[in-house]
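Source file entry19.cif; content: mmCIF, C-alpha atoms.
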```
data_final
#
loop_
_atom_site.label_atom_id
_atom_site.label_comp_id
_atom_site.auth_asym_id
_atom_site.auth_seq_id
_atom_site.Cartn_x
_atom_site.Cartn_y
_atom_site.Cartn_z
CA MET A 1 -10.41 -9.52 -2.39
CA ILE A 2 -8.55 -7.76 0.39
CA PHE A 3 -4.95 -6.74 1.03
CA GLU A 4 -2.91 -7.47 4.10
CA ILE A 5 -0.45 -4.62 4.66
CA ALA A 6 2.33 -5.37 7.11
CA ALA A 7 4.63 -2.50 8.08
CA ILE A 8 7.98 -4.09 8.89
CA GLU A 9 10.99 -2.32 10.42
CA VAL A 10 14.13 -4.25 9.57
CA LYS A 11 17.30 -4.11 11.65
CA GLN A 12 19.70 -1.63 10.09
CA GLY A 13 22.24 -3.21 7.76
CA LEU A 14 20.12 -6.31 7.19
CA GLU A 15 17.88 -4.86 4.48
CA GLU A 16 19.47 -6.80 1.61
CA GLU A 17 19.23 -10.07 3.52
CA PHE A 18 15.59 -9.33 4.32
CA GLU A 19 14.76 -8.70 0.65
CA ARG A 20 16.55 -11.89 -0.39
CA ARG A 21 14.69 -13.93 2.20
CA VAL A 22 11.30 -12.53 1.24
CA ALA A 23 12.04 -13.62 -2.34
CA GLU A 24 12.96 -17.08 -1.03
CA ALA A 25 9.70 -17.21 0.92
CA LEU A 26 7.44 -16.42 -2.03
CA GLY A 27 6.46 -20.04 -2.50
CA LEU A 28 5.07 -20.21 1.05
CA PHE A 29 2.58 -17.49 0.16
CA CYS A 30 1.84 -18.59 -3.41
CA ARG A 31 0.62 -22.00 -2.31
CA ALA A 32 -1.61 -20.66 0.46
CA LYS A 33 -5.38 -20.91 0.00
CA GLY A 34 -6.83 -17.64 -1.20
CA TYR A 35 -3.46 -16.10 -2.10
CA ARG A 36 -3.65 -13.55 -4.94
CA SER A 37 -0.51 -11.42 -5.07
CA LEU A 38 2.48 -10.17 -3.11
CA SER A 39 4.57 -7.04 -3.34
CA LEU A 40 7.29 -5.68 -1.12
CA GLU A 41 7.61 -1.90 -0.98
CA ARG A 42 10.62 -0.12 0.54
CA SER A 43 10.31 3.32 2.09
CA ILE A 44 12.35 6.08 0.48
CA GLU A 45 12.30 8.29 3.60
CA ALA A 46 13.17 5.44 6.00
CA PRO A 47 14.99 2.71 4.02
CA SER A 48 14.82 0.15 6.84
CA ARG A 49 11.02 0.31 6.68
CA TYR A 50 9.06 -1.97 4.33
CA LEU A 51 5.43 -2.56 3.49
CA LEU A 52 4.58 -6.15 2.62
CA MET A 53 1.32 -6.15 0.68
CA VAL A 54 -0.38 -9.49 0.17
CA GLY A 55 -3.63 -9.91 -1.73
CA TRP A 56 -6.02 -12.56 -0.37
CA ASP A 57 -9.51 -13.67 -1.38
CA ASN A 58 -10.72 -12.72 2.10
CA ILE A 59 -9.37 -11.82 5.53
CA ASP A 60 -9.73 -15.34 6.93
CA ASP A 61 -7.43 -16.68 4.25
CA HIS A 62 -4.75 -14.57 5.93
CA LEU A 63 -5.68 -14.62 9.61
CA VAL A 64 -6.83 -18.23 9.85
CA GLY A 65 -5.64 -20.16 6.80
CA PHE A 66 -2.13 -18.73 6.56
CA ARG A 67 -1.42 -17.57 10.11
CA GLU A 68 -2.31 -20.94 11.58
CA SER A 69 -0.32 -22.90 9.00
CA GLN A 70 3.12 -24.43 9.22
CA ASP A 71 4.06 -22.24 6.26
CA PHE A 72 3.57 -19.18 8.48
CA GLN A 73 6.01 -20.65 10.97
CA ALA A 74 8.45 -21.24 8.11
CA TRP A 75 7.98 -17.62 6.95
CA ARG A 76 8.74 -16.28 10.40
CA ALA A 77 11.73 -18.59 10.75
CA LEU A 78 13.12 -17.11 7.52
CA VAL A 79 12.66 -13.42 8.35
CA GLY A 80 11.55 -12.96 11.97
CA HIS A 81 15.05 -12.46 13.40
CA LEU A 82 15.56 -9.54 10.97
CA PHE A 83 12.62 -7.54 12.37
CA ALA A 84 13.56 -4.59 14.58
CA ALA A 85 10.04 -4.63 16.09
CA PRO A 86 6.83 -6.64 15.75
CA PRO A 87 5.21 -5.87 12.36
CA ARG A 88 2.10 -3.72 12.39
CA VAL A 89 -0.57 -5.39 10.27
CA GLU A 90 -3.78 -4.01 8.84
CA HIS A 91 -6.21 -5.12 6.14
CA VAL A 92 -7.73 -2.95 3.46
CA VAL A 93 -10.25 -3.19 0.64
CA THR A 94 -9.83 -1.28 -2.59
CA VAL A 95 -12.66 1.24 -3.01
CA LEU A 96 -11.28 3.03 -6.08
CA ASN A 97 -8.70 1.99 -8.65
CA GLU A 98 -7.98 4.30 -11.54
CA LYS A 99 -5.92 1.77 -13.44
CA GLU A 100 -8.96 -0.45 -13.83
CA ALA A 101 -11.38 2.36 -14.50
CA ALA A 102 -9.17 3.62 -17.31
CA GLY A 103 -8.68 0.15 -18.72
CA HIS A 104 -4.91 0.28 -18.31
CA PRO A 105 -4.07 -2.65 -16.02
CA VAL A 106 -0.50 -2.34 -14.76
CA MET B 1 8.40 4.51 -10.66
CA ILE B 2 7.53 5.21 -7.03
CA PHE B 3 4.35 5.22 -4.98
CA GLU B 4 3.10 7.99 -2.74
CA ILE B 5 1.19 6.47 0.15
CA ALA B 6 -0.93 8.93 2.12
CA ALA B 7 -2.60 7.64 5.30
CA ILE B 8 -5.78 9.69 5.69
CA GLU B 9 -8.07 9.68 8.72
CA VAL B 10 -11.53 10.88 7.66
CA LYS B 11 -14.00 12.46 10.07
CA GLN B 12 -16.46 9.81 11.20
CA GLY B 13 -19.67 9.73 9.18
CA LEU B 14 -18.11 11.45 6.18
CA GLU B 15 -16.52 8.38 4.63
CA GLU B 16 -18.99 8.11 1.74
CA GLU B 17 -18.58 11.77 0.89
CA PHE B 18 -14.81 11.37 0.99
CA GLU B 19 -14.90 8.42 -1.40
CA ARG B 20 -17.19 10.31 -3.78
CA ARG B 21 -14.94 13.35 -3.77
CA VAL B 22 -11.80 11.33 -4.40
CA ALA B 23 -13.55 9.86 -7.46
CA GLU B 24 -14.43 13.40 -8.57
CA ALA B 25 -10.81 14.46 -8.12
CA LEU B 26 -9.33 11.70 -10.28
CA GLY B 27 -8.87 14.01 -13.25
CA LEU B 28 -6.64 16.32 -11.20
CA PHE B 29 -4.20 13.45 -10.67
CA CYS B 30 -4.52 11.87 -14.11
CA ARG B 31 -3.38 15.01 -15.90
CA ALA B 32 -0.40 15.61 -13.62
CA LYS B 33 3.07 15.15 -15.12
CA GLY B 34 4.48 11.73 -14.19
CA TYR B 35 1.16 10.32 -12.95
CA ARG B 36 0.88 6.53 -13.32
CA SER B 37 -1.97 5.17 -11.21
CA LEU B 38 -4.22 5.81 -8.22
CA SER B 39 -5.96 3.53 -5.79
CA LEU B 40 -7.88 4.24 -2.63
CA GLU B 41 -7.76 1.53 0.05
CA ARG B 42 -10.08 1.50 3.07
CA SER B 43 -9.05 -0.09 6.34
CA ILE B 44 -11.15 -3.01 7.55
CA GLU B 45 -10.06 -2.62 11.18
CA ALA B 46 -10.57 1.18 11.24
CA PRO B 47 -13.10 2.10 8.52
CA SER B 48 -12.44 5.85 8.79
CA ARG B 49 -8.83 5.24 7.80
CA TYR B 50 -7.78 5.22 4.14
CA LEU B 51 -4.57 4.74 2.19
CA LEU B 52 -4.35 6.77 -0.98
CA MET B 53 -1.71 5.18 -3.21
CA VAL B 54 -0.55 7.18 -6.21
CA GLY B 55 2.04 5.93 -8.67
CA TRP B 56 4.42 8.56 -10.07
CA ASP B 57 7.39 8.39 -12.42
CA ASN B 58 9.56 9.83 -9.64
CA ILE B 59 9.26 11.53 -6.27
CA ASP B 60 9.61 15.05 -7.67
CA ASP B 61 6.56 14.55 -9.86
CA HIS B 62 4.65 14.32 -6.59
CA LEU B 63 6.49 16.68 -4.24
CA VAL B 64 7.29 19.42 -6.74
CA GLY B 65 5.17 19.00 -9.86
CA PHE B 66 1.88 18.12 -8.17
CA ARG B 67 2.24 19.65 -4.70
CA GLU B 68 3.13 23.04 -6.11
CA SER B 69 0.36 23.03 -8.71
CA GLN B 70 -3.04 24.64 -8.68
CA ASP B 71 -4.51 21.16 -9.09
CA PHE B 72 -3.15 20.28 -5.64
CA GLN B 73 -4.99 23.26 -4.20
CA ALA B 74 -8.14 22.07 -5.98
CA TRP B 75 -7.63 18.55 -4.54
CA ARG B 76 -7.31 19.88 -1.02
CA ALA B 77 -10.35 22.14 -1.52
CA LEU B 78 -12.36 19.06 -2.48
CA VAL B 79 -11.35 16.80 0.41
CA GLY B 80 -9.28 18.72 2.99
CA HIS B 81 -12.24 19.62 5.23
CA LEU B 82 -13.05 15.90 5.56
CA PHE B 83 -9.66 15.04 7.10
CA ALA B 84 -9.70 14.35 10.85
CA ALA B 85 -5.93 15.01 10.98
CA PRO B 86 -3.15 15.98 8.58
CA PRO B 87 -2.39 13.02 6.27
CA ARG B 88 0.84 11.14 6.88
CA VAL B 89 2.67 10.73 3.59
CA GLU B 90 5.52 8.44 2.65
CA HIS B 91 7.05 7.24 -0.61
CA VAL B 92 8.02 3.70 -1.49
CA VAL B 93 9.68 1.79 -4.30
CA THR B 94 8.63 -1.73 -5.23
CA VAL B 95 11.48 -4.16 -4.61
CA LEU B 96 9.53 -7.38 -5.24
CA ASN B 97 6.29 -8.03 -7.08
CA GLU B 98 5.09 -11.59 -7.40
CA LYS B 99 2.40 -10.75 -9.93
CA GLU B 100 5.05 -9.66 -12.41
CA ALA B 101 7.50 -12.42 -11.59
CA ALA B 102 4.84 -15.04 -12.20
CA GLY B 103 3.72 -13.39 -15.41
CA HIS B 104 0.20 -12.84 -14.12
CA PRO B 105 -0.32 -9.06 -14.22
CA VAL B 106 -3.46 -8.10 -12.29
#
```

For this file, write the structure as structure tokens.
Amino acid sequence: MIFEIAAIEVKQGLEEEFERRVAEALGLFCRAKGYRSLSLERSIEAPSRYLLMVGWDNIDDHLVGFRESQDFQAWRALVGHLFAAPPRVEHVVTVLNEKEAAGHPV
Amino acid sequence: MIFEIAAIEVKQGLEEEFERRVAEALGLFCRAKGYRSLSLERSIEAPSRYLLMVGWDNIDDHLVGFRESQDFQAWRALVGHLFAAPPRVEHVVTVLNEKEAAGHPV
């Protein structure tokens, strides 16, 4: 499993609309092949900045399966006009997770 | 609850040592007031880059309680010499979490 992390700067004043539209778009992600989880994190220091974290079985499920799908076009149609700049996307693998090690899944 | 997200660039070739030392340092975080969880994520695109994500009850548990503690000094003594640059730290709050909404905690 890997995580896509997209850093998204939203146009000022449109943060609530962005959050509402991400919630509306959940189904587009949930039905994608290899989808595992999604969370949206909002920066405290810069409240127009968000991190969208999506868990996928592997990186191709994101970069090929989802990105080349019509659902990706629908996702961008929902939120793309709210972006202040192109999102910066990276992928990570978890190498240590204390919640699991301690047996306290959150 | 909030998350501290520290972006850490590790000196090339010292990634395994860094991961080992973060595992050794877990106890320093776990006993801190307000500590909730810790995960270490490694970038796929830039394998010397890590995201350390620590869950805290609130931002002061990190910036005051932990940062001003002797355990923070011990943490930096364990890993600080492996940093290629000062970490960039931000704090986020979760505004949407599909795992919870769907009733499938991971």

Care to translate the PyMOL selection byres ((chain B) within 6 of (chain A)) into actual residues of this file, as an MDAnalysis selection string? chainID B and resid 37:44 91:99

Residue nearest Gln73 (chain B) - candidates B:Ala25, B:Pro86, B:Lys11, B:Ala6, atoms counted: all atoms listed in the file: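 For Gln73 (chain B), the nearest of the given residues is B:Ala25.
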
Applying the PyMOL selection byres ((chain A and resi 75) around 12) to the file I just gave you, which residues come out? Please list them as number ranges by chain. A: 18, 21-29, 32, 66-74, 76-82

Measure the distance from CA of Glu17 (chain A) to CA of Gly55 (chain B) in Å and round it to one decimal. 26.5 Å

Kindly give the distance, in Å, that separates CA of Arg88 (chain B) and CA of Pro87 (chain A), rounded to a single decimal. 18.4 Å

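Interatomic distance, CA of Asp61 (chain A) to CA of Ala7 (chain A): 19.0 Å.
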
Axis-aligned box for all listed atoms of region 19-26 of chain A, 8 Å per side, centre and edges in Å to one decimal, as AutoDock Vina command-line options:
```
--center_x 12.0 --center_y -13.0 --center_z -0.1 --size_x 25.1 --size_y 24.5 --size_z 20.5
```
